file my_file_29.pdb (PDB, C-alpha atoms)
MODEL        1
ATOM      1  CA  MET J 249       0.000   0.000   0.000
ATOM      2  CA  ASN J 250       1.572   3.274  -1.086
ATOM      3  CA  SER J 251       1.254   6.698   0.573
ATOM      4  CA  LYS J 252      -1.605   7.794  -1.679
ATOM      5  CA  LYS J 253      -3.734   4.704  -0.984
ATOM      6  CA  LEU J 254      -2.992   4.994   2.725
ATOM      7  CA  GLN J 255      -4.174   8.602   2.721
ATOM      8  CA  GLU J 256      -7.354   7.692   0.829
ATOM      9  CA  SER J 257      -8.169   4.927   3.315
ATOM     10  CA  ILE J 258      -7.568   7.222   6.270
ATOM     11  CA  ALA J 259      -9.666  10.039   4.762
ATOM     12  CA  GLU J 260     -12.529   7.610   4.214
ATOM     13  CA  ASP J 261     -12.346   5.915   7.626
ATOM     14  CA  ALA J 262     -11.895   9.148   9.590
ATOM     15  CA  ASN J 263     -14.431  11.022   7.436
ATOM     16  CA  LEU J 264     -11.981  13.846   6.731
ATOM     17  CA  SER J 265     -11.008  15.505   3.467
ATOM     18  CA  LEU J 266      -8.036  14.145   1.558
ATOM     19  CA  GLU J 267      -6.419  17.604   1.758
ATOM     20  CA  LYS J 268      -6.550  17.570   5.566
ATOM     21  CA  VAL J 269      -5.126  14.055   5.729
ATOM     22  CA  ASP J 270      -2.370  14.952   3.299
ATOM     23  CA  LYS J 271      -1.439  18.112   5.210
ATOM     24  CA  LEU J 272      -1.528  16.296   8.499
ATOM     25  CA  MET J 273       0.649  13.401   7.419
ATOM     26  CA  GLU J 274       3.150  15.755   5.841
ATOM     27  CA  THR J 275       3.289  17.762   9.066
ATOM     28  CA  MET J 276       3.628  14.555  11.070
ATOM     29  CA  VAL J 277       6.663  13.433   9.080
ATOM     30  CA  ASP J 278       8.196  16.943   9.365
ATOM     31  CA  VAL J 279       7.725  17.066  13.134
ATOM     32  CA  MET J 280       9.132  13.564  13.538
ATOM     33  CA  LEU J 281      12.171  14.278  11.398
ATOM     34  CA  GLY J 282      12.821  17.504  13.295
ATOM     35  CA  GLN J 283      12.816  15.609  16.582
ATOM     36  CA  LEU J 284      14.858  12.713  15.278
ATOM     37  CA  LYS J 285      17.478  15.106  13.897
ATOM     38  CA  ASP J 286      17.987  16.416  17.419
ATOM     39  CA  GLY J 287      18.477  12.894  18.696
ATOM     40  CA  THR J 288      15.028  12.708  20.335
ATOM     41  CA  SER J 289      13.119   9.467  19.864
ATOM     42  CA  VAL J 290       9.477   9.670  18.764
ATOM     43  CA  SER J 291       6.858   7.203  20.087
ATOM     44  CA  PHE J 292       3.517   6.144  18.701
ATOM     45  CA  GLN J 293       1.295   4.824  21.434
ATOM     46  CA  GLY J 294       0.765   1.074  21.181
ATOM     47  CA  PHE J 295       2.746   0.841  17.993
ATOM     48  CA  GLY J 296       6.397   1.598  18.565
ATOM     49  CA  ALA J 297       9.101   4.257  18.555
ATOM     50  CA  PHE J 298      11.549   5.716  16.076
ATOM     51  CA  GLU J 299      15.050   6.667  17.048
ATOM     52  CA  VAL J 300      18.269   7.677  15.340
ATOM     53  CA  ARG J 301      21.294   5.558  16.215
ATOM     54  CA  ARG J 302      24.896   6.207  15.426
ATOM     55  CA  LYS J 303      26.956   3.552  13.784
ATOM     56  CA  ALA J 304      30.680   3.741  14.384
ATOM     57  CA  GLN J 305      33.218   3.626  11.584
ATOM     58  CA  ARG J 306      34.012   0.052  10.609
ATOM     59  CA  LEU J 307      36.239  -1.928   8.297
ATOM     60  CA  SER J 308      34.470  -3.955   5.638
ATOM     61  CA  VAL J 309      36.277  -6.818   3.908
ATOM     62  CA  ASN J 310      35.009  -8.113   0.589
ATOM     63  CA  PRO J 311      35.090 -11.920   1.065
ATOM     64  CA  LEU J 312      35.951 -12.560  -2.589
ATOM     65  CA  THR J 313      38.587  -9.947  -3.328
ATOM     66  CA  LYS J 314      39.748  -9.509   0.317
ATOM     67  CA  LYS J 315      39.706  -5.804  -0.450
ATOM     68  CA  ARG J 316      39.308  -3.682   2.677
ATOM     69  CA  THR J 317      37.098  -0.594   2.707
ATOM     70  CA  ILE J 318      36.501   1.832   5.549
ATOM     71  CA  ILE J 319      32.809   2.469   6.102
ATOM     72  CA  PRO J 320      32.617   5.968   7.653
ATOM     73  CA  PRO J 321      30.530   6.553  10.811
ATOM     74  CA  LYS J 322      26.883   7.248  10.023
ATOM     75  CA  GLN J 323      23.472   7.700  11.538
ATOM     76  CA  VAL J 324      20.574   5.352  10.863
ATOM     77  CA  LEU J 325      16.876   5.464  11.637
ATOM     78  CA  VAL J 326      15.599   2.485  13.605
ATOM     79  CA  PHE J 327      12.068   1.526  14.552
ATOM     80  CA  ARG J 328      11.415  -0.481  17.689
ATOM     81  CA  THR J 329       8.051  -2.217  17.779
ATOM     82  CA  GLY J 330       6.163  -1.660  21.030
ATOM     83  CA  ASN J 331       5.661  -4.674  23.284
ATOM     84  CA  THR J 332       1.860  -4.516  23.074
ATOM     85  CA  TYR J 333       1.954  -4.632  19.326
ATOM     86  CA  LYS J 334       4.735  -7.191  19.223
ATOM     87  CA  ASP J 335       2.568  -9.604  21.205
ATOM     88  CA  LYS J 336      -0.464  -8.854  19.048
ATOM     89  CA  ILE J 337       1.250  -9.600  15.764
ATOM     90  CA  LYS J 338       3.349 -12.563  16.886
ATOM     91  CA  ASP J 339       0.818 -15.358  16.428
ATOM     92  CA  LEU J 340      -1.371 -13.713  13.852
ATOM     93  CA  PRO J 341      -2.553 -15.924  11.002
ATOM     94  CA  ARG J 342      -2.418 -14.214   7.623
ATOM     95  CA  ASN J 343      -5.765 -13.498   5.959
ATOM     96  CA  ASN J 344      -4.329 -14.344   2.572
ATOM     97  CA  GLU J 345      -3.727 -17.979   3.382
TER      98      GLU J 345
ATOM     99  CA  MET C 551       8.756  12.710  22.445
ATOM    100  CA  ASN C 552       5.636  10.774  23.342
ATOM    101  CA  SER C 553       2.404  10.415  21.340
ATOM    102  CA  LYS C 554       0.676  13.272  23.125
ATOM    103  CA  LYS C 555       3.490  15.759  22.513
ATOM    104  CA  LEU C 556       3.737  14.627  18.900
ATOM    105  CA  GLN C 557       0.010  15.246  18.413
ATOM    106  CA  GLU C 558       0.243  18.693  20.010
ATOM    107  CA  SER C 559       3.134  19.679  17.743
ATOM    108  CA  ILE C 560       1.307  18.459  14.668
ATOM    109  CA  ALA C 561      -1.921  20.249  15.641
ATOM    110  CA  GLU C 562       0.000  23.482  16.098
ATOM    111  CA  ASP C 563       2.087  23.223  12.925
ATOM    112  CA  ALA C 564      -0.802  22.105  10.713
ATOM    113  CA  ASN C 565      -3.239  24.534  12.371
ATOM    114  CA  LEU C 566      -5.763  21.772  13.050
ATOM    115  CA  SER C 567      -7.639  20.864  16.227
ATOM    116  CA  LEU C 568      -6.107  18.325  18.582
ATOM    117  CA  GLU C 569      -9.255  16.203  18.214
ATOM    118  CA  LYS C 570      -8.805  15.974  14.444
ATOM    119  CA  VAL C 571      -5.127  15.090  14.798
ATOM    120  CA  ASP C 572      -5.904  12.464  17.420
ATOM    121  CA  LYS C 573      -8.664  10.896  15.316
ATOM    122  CA  LEU C 574      -6.503  10.926  12.236
ATOM    123  CA  MET C 575      -3.476   9.336  13.848
ATOM    124  CA  GLU C 576      -5.620   6.654  15.447
ATOM    125  CA  THR C 577      -7.219   5.912  12.078
ATOM    126  CA  MET C 578      -3.800   5.869  10.464
ATOM    127  CA  VAL C 579      -2.483   3.241  12.882
ATOM    128  CA  ASP C 580      -5.689   1.179  12.428
ATOM    129  CA  VAL C 581      -5.459   1.254   8.641
ATOM    130  CA  MET C 582      -1.771   0.357   8.742
ATOM    131  CA  LEU C 583      -2.288  -2.525  11.141
ATOM    132  CA  GLY C 584      -5.160  -3.841   9.026
ATOM    133  CA  GLN C 585      -2.936  -3.878   5.947
ATOM    134  CA  LEU C 586       0.059  -5.319   7.765
ATOM    135  CA  LYS C 587      -2.081  -8.129   9.180
ATOM    136  CA  ASP C 588      -2.907  -9.159   5.634
ATOM    137  CA  GLY C 589       0.763  -9.239   4.767
ATOM    138  CA  THR C 590       0.649  -5.989   2.773
ATOM    139  CA  SER C 591       3.523  -3.581   3.340
ATOM    140  CA  VAL C 592       2.679   0.093   3.978
ATOM    141  CA  SER C 593       4.898   2.898   2.614
ATOM    142  CA  PHE C 594       5.293   6.481   3.708
ATOM    143  CA  GLN C 595       6.594   8.604   0.878
ATOM    144  CA  GLY C 596      10.177   9.744   1.459
ATOM    145  CA  PHE C 597      10.327   8.127   4.859
ATOM    146  CA  GLY C 598      10.172   4.365   4.603
ATOM    147  CA  ALA C 599       7.936   1.309   4.680
ATOM    148  CA  PHE C 600       6.567  -1.093   7.264
ATOM    149  CA  GLU C 601       6.221  -4.780   6.595
ATOM    150  CA  VAL C 602       5.482  -7.927   8.553
ATOM    151  CA  ARG C 603       8.084 -10.659   8.238
ATOM    152  CA  ARG C 604       7.861 -14.235   9.339
ATOM    153  CA  LYS C 605      10.591 -15.717  11.457
ATOM    154  CA  ALA C 606      10.973 -19.475  11.225
ATOM    155  CA  GLN C 607      11.095 -21.707  14.279
ATOM    156  CA  ARG C 608      14.618 -21.903  15.677
ATOM    157  CA  LEU C 609      16.580 -23.619  18.373
ATOM    158  CA  SER C 610      18.074 -21.394  21.023
ATOM    159  CA  VAL C 611      20.940 -22.638  23.176
ATOM    160  CA  ASN C 612      21.726 -20.921  26.451
ATOM    161  CA  PRO C 613      25.525 -20.556  26.326
ATOM    162  CA  LEU C 614      25.903 -20.991  30.093
ATOM    163  CA  THR C 615      23.578 -23.885  30.839
ATOM    164  CA  LYS C 616      23.640 -25.404  27.305
ATOM    165  CA  LYS C 617      19.900 -25.786  27.716
ATOM    166  CA  ARG C 618      18.074 -25.947  24.396
ATOM    167  CA  THR C 619      14.773 -24.186  23.861
ATOM    168  CA  ILE C 620      12.617 -24.160  20.757
ATOM    169  CA  ILE C 621      11.565 -20.652  19.758
ATOM    170  CA  PRO C 622       8.262 -21.081  17.888
ATOM    171  CA  PRO C 623       7.764 -19.393  14.483
ATOM    172  CA  LYS C 624       6.491 -15.845  14.800
ATOM    173  CA  GLN C 625       5.745 -12.683  12.898
ATOM    174  CA  VAL C 626       7.587  -9.420  13.472
ATOM    175  CA  LEU C 627       7.047  -5.869  12.275
ATOM    176  CA  VAL C 628      10.018  -4.354  10.472
ATOM    177  CA  PHE C 629      10.566  -0.824   9.241
ATOM    178  CA  ARG C 630      12.800  -0.186   6.257
ATOM    179  CA  THR C 631      14.052   3.387   5.962
ATOM    180  CA  GLY C 632      13.605   4.843   2.461
ATOM    181  CA  ASN C 633      16.744   5.578   0.474
ATOM    182  CA  THR C 634      16.024   9.324   0.235
ATOM    183  CA  TYR C 635      15.745   9.611   3.962
ATOM    184  CA  LYS C 636      18.642   7.257   4.638
ATOM    185  CA  ASP C 637      20.927   9.565   2.652
ATOM    186  CA  LYS C 638      19.534  12.641   4.382
ATOM    187  CA  ILE C 639      20.134  11.388   7.895
ATOM    188  CA  LYS C 640      23.465   9.647   7.304
ATOM    189  CA  ASP C 641      25.823  12.596   7.747
ATOM    190  CA  LEU C 642      23.611  14.763   9.894
ATOM    191  CA  PRO C 643      25.291  16.549  12.805
ATOM    192  CA  ARG C 644      23.240  16.500  15.981
ATOM    193  CA  ASN C 645      21.896  19.848  17.174
ATOM    194  CA  ASN C 646      22.532  18.891  20.771
ATOM    195  CA  GLU C 647      26.298  18.762  20.376
TER     196      GLU C 647
ENDMDL
END

call {"tool": "encode", "arguments": {"input": "my_file_29.pdb", "output": "structure tokens"}}
result
Amino acid sequence: MNSKKLQESIAEDANLSLEKVDKLMETMVDVMLGQLKDGTSVSFQGFGAFEVRRKAQRLSVNPLTKKRTIIPPKQVLVFRTGNTYKDKIKDLPRNNE
Amino acid sequence: MNSKKLQESIAEDANLSLEKVDKLMETMVDVMLGQLKDGTSVSFQGFGAFEVRRKAQRLSVNPLTKKRTIIPPKQVLVFRTGNTYKDKIKDLPRNNE
């Protein structure tokens, strides 16, 4: 499901205009990114939390050529599923089976 | 930043009522979970995508006691950061430094 379909579903279910949903989701992503940039994690109740983690510089070795490359330090976005949701999804049968 | 603070920030930035933001975010999580349950991944433009992955049953060995335990198969929620955003965040200095 892409962004557009997600927005259409939300607009329909929440009985709000597509413009409002679009504006709101855009604002949501902006606010989240602003927080994450500052190193603040962002939680969604019952769903999980986003946080930015630093990865240290590391040495990568190509197993075929044995060539060594330095991977510079970087920051990555990680999502940690909340425990409530983790338990909910764990044993879930798929509807498409 | 918890859910409540996130909602307040969004309401302020998007100039919408807190009730609307609350309803919309709740609907958003519901729609996403509904899709994920069916094994459909959900993308957020420019941010990333959520998907449910199956983990096969595995044998876990406690390294101290050598006790073996079977971990039953389960489903987990994973978030994959989009490439646009991955590049954006990679070299970002933190504001709090």

call {"tool": "interface_residues", "arguments": {"input": "my_file_29.pdb", "of": "chain C", "to": "chain J", "cutoff": "9 Å", "atoms": "all atoms listed in the file", "output": "PyMOL selection string"}}
result
chain C and resi 551-554+556-557+559-561+563-564+566+570-571+573-582+585+587-595+597+599+602+604+623-631+635-636+639-646

call {"tool": "residues_around", "arguments": {"input": "my_file_29.pdb", "residues": "Val309 of chain J", "least_positions_apart": "5", "cutoff": "12 Å", "atoms": "only C-alpha atoms", "output": "count of residues only"}}
result
6

call {"tool": "atom_distance", "arguments": {"input": "my_file_29.pdb", "atom1": "atom CA of Asn331 of chain J", "atom2": "atom CA of Thr634 of chain C"}}
result
28.9 Å

call {"tool": "atom_distance", "arguments": {"input": "my_file_29.pdb", "atom1": "atom CA of Ala606 of chain C", "atom2": "atom CA of Leu312 of chain J"}}
result
29.4 Å

call {"tool": "decode", "arguments": {"input": "my_file_29.pdb", "residues": "segment 281-326 of chain J", "atoms": "N, CA and C atoms", "output": "CSV table (one decimal), in the first residue's frame"}}
result
chain,number,residue,atom,x,y,z
J,281,LEU,N,10.8,14.1,11.9
J,281,LEU,CA,12.2,14.3,11.4
J,281,LEU,C,12.9,15.4,12.2
J,282,GLY,N,12.2,16.4,12.5
J,282,GLY,CA,12.8,17.5,13.3
J,282,GLY,C,13.3,17.0,14.6
J,283,GLN,N,12.5,16.2,15.3
J,283,GLN,CA,12.8,15.6,16.6
J,283,GLN,C,14.0,14.6,16.4
J,284,LEU,N,13.9,13.8,15.5
J,284,LEU,CA,14.9,12.7,15.3
J,284,LEU,C,16.2,13.3,15.0
J,285,LYS,N,16.2,14.4,14.2
J,285,LYS,CA,17.5,15.1,13.9
J,285,LYS,C,18.2,15.5,15.2
J,286,ASP,N,17.4,16.0,16.2
J,286,ASP,CA,18.0,16.4,17.4
J,286,ASP,C,18.3,15.3,18.3
J,287,GLY,N,18.1,14.0,17.9
J,287,GLY,CA,18.5,12.9,18.7
J,287,GLY,C,17.4,12.5,19.7
J,288,THR,N,16.2,13.1,19.5
J,288,THR,CA,15.0,12.7,20.3
J,288,THR,C,14.3,11.6,19.7
J,289,SER,N,13.9,10.5,20.4
J,289,SER,CA,13.1,9.5,19.9
J,289,SER,C,11.7,9.9,19.8
J,290,VAL,N,10.9,9.3,18.9
J,290,VAL,CA,9.5,9.7,18.8
J,290,VAL,C,8.6,8.4,18.9
J,291,SER,N,7.7,8.4,19.9
J,291,SER,CA,6.9,7.2,20.1
J,291,SER,C,5.5,7.4,19.5
J,292,PHE,N,4.9,6.2,19.1
J,292,PHE,CA,3.5,6.1,18.7
J,292,PHE,C,2.9,5.2,19.7
J,293,GLN,N,1.9,5.7,20.4
J,293,GLN,CA,1.3,4.8,21.4
J,293,GLN,C,0.8,3.5,20.9
J,294,GLY,N,1.2,2.4,21.5
J,294,GLY,CA,0.8,1.1,21.2
J,294,GLY,C,1.3,0.5,19.9
J,295,PHE,N,2.3,1.3,19.3
J,295,PHE,CA,2.7,0.8,18.0
J,295,PHE,C,4.3,0.7,18.0
J,296,GLY,N,4.9,1.7,18.5
J,296,GLY,CA,6.4,1.6,18.6
J,296,GLY,C,7.0,3.0,18.6
J,297,ALA,N,8.4,3.0,18.5
J,297,ALA,CA,9.1,4.3,18.6
J,297,ALA,C,10.2,4.3,17.5
J,298,PHE,N,10.4,5.5,17.0
J,298,PHE,CA,11.5,5.7,16.1
J,298,PHE,C,12.7,6.3,16.8
J,299,GLU,N,13.9,6.0,16.5
J,299,GLU,CA,15.0,6.7,17.0
J,299,GLU,C,16.2,6.6,16.1
J,300,VAL,N,17.1,7.6,16.2
J,300,VAL,CA,18.3,7.7,15.3
J,300,VAL,C,19.4,7.1,16.1
J,301,ARG,N,20.1,6.1,15.5
J,301,ARG,CA,21.3,5.6,16.2
J,301,ARG,C,22.5,5.8,15.4
J,302,ARG,N,23.6,6.0,16.1
J,302,ARG,CA,24.9,6.2,15.4
J,302,ARG,C,25.6,4.9,15.2
J,303,LYS,N,26.2,4.7,14.0
J,303,LYS,CA,27.0,3.6,13.8
J,303,LYS,C,28.4,4.0,13.7
J,304,ALA,N,29.3,3.4,14.4
J,304,ALA,CA,30.7,3.7,14.4
J,304,ALA,C,31.3,3.4,13.0
J,305,GLN,N,32.4,4.0,12.8
J,305,GLN,CA,33.2,3.6,11.6
J,305,GLN,C,33.6,2.2,11.7
J,306,ARG,N,33.6,1.4,10.5
J,306,ARG,CA,34.0,0.1,10.6
J,306,ARG,C,34.7,-0.3,9.3
J,307,LEU,N,35.5,-1.4,9.4
J,307,LEU,CA,36.2,-1.9,8.3
J,307,LEU,C,35.5,-3.1,7.6
J,308,SER,N,35.2,-2.9,6.4
J,308,SER,CA,34.5,-4.0,5.6
J,308,SER,C,35.5,-4.7,4.7
J,309,VAL,N,35.4,-6.0,4.8
J,309,VAL,CA,36.3,-6.8,3.9
J,309,VAL,C,35.4,-7.6,2.9
J,310,ASN,N,35.7,-7.4,1.6
J,310,ASN,CA,35.0,-8.1,0.6
J,310,ASN,C,35.5,-9.6,0.6
J,311,PRO,N,34.6,-10.5,0.9
J,311,PRO,CA,35.1,-11.9,1.1
J,311,PRO,C,35.7,-12.5,-0.2
J,312,LEU,N,35.4,-12.0,-1.4
J,312,LEU,CA,36.0,-12.6,-2.6
J,312,LEU,C,37.3,-11.9,-2.9
J,313,THR,N,37.4,-10.6,-2.9
J,313,THR,CA,38.6,-9.9,-3.3
J,313,THR,C,39.5,-9.6,-2.1
J,314,LYS,N,39.0,-9.8,-0.9
J,314,LYS,CA,39.7,-9.5,0.3
J,314,LYS,C,40.1,-8.0,0.4
J,315,LYS,N,39.4,-7.2,-0.5
J,315,LYS,CA,39.7,-5.8,-0.4
J,315,LYS,C,39.1,-5.2,0.8
J,316,ARG,N,39.8,-4.3,1.5
J,316,ARG,CA,39.3,-3.7,2.7
J,316,ARG,C,38.8,-2.3,2.4
J,317,THR,N,37.7,-1.9,2.9
J,317,THR,CA,37.1,-0.6,2.7
J,317,THR,C,36.7,-0.1,4.1
J,318,ILE,N,37.0,1.2,4.3
J,318,ILE,CA,36.5,1.8,5.5
J,318,ILE,C,35.1,2.4,5.3
J,319,ILE,N,34.2,1.9,6.1
J,319,ILE,CA,32.8,2.5,6.1
J,319,ILE,C,32.8,3.6,7.1
J,320,PRO,N,32.6,4.9,6.7
J,320,PRO,CA,32.6,6.0,7.7
J,320,PRO,C,31.5,5.9,8.7
J,321,PRO,N,31.6,6.6,9.8
J,321,PRO,CA,30.5,6.6,10.8
J,321,PRO,C,29.3,7.2,10.2
J,322,LYS,N,28.1,6.7,10.6
J,322,LYS,CA,26.9,7.2,10.0
J,322,LYS,C,25.8,7.1,11.0
J,323,GLN,N,24.6,7.8,10.7
J,323,GLN,CA,23.5,7.7,11.5
J,323,GLN,C,22.4,7.0,10.8
J,324,VAL,N,21.7,6.1,11.5
J,324,VAL,CA,20.6,5.4,10.9
J,324,VAL,C,19.3,5.5,11.7
J,325,LEU,N,18.2,5.4,11.0
J,325,LEU,CA,16.9,5.5,11.6
J,325,LEU,C,16.5,4.0,12.0
J,326,VAL,N,16.1,3.8,13.2
J,326,VAL,CA,15.6,2.5,13.6
J,326,VAL,C,14.2,2.6,14.2
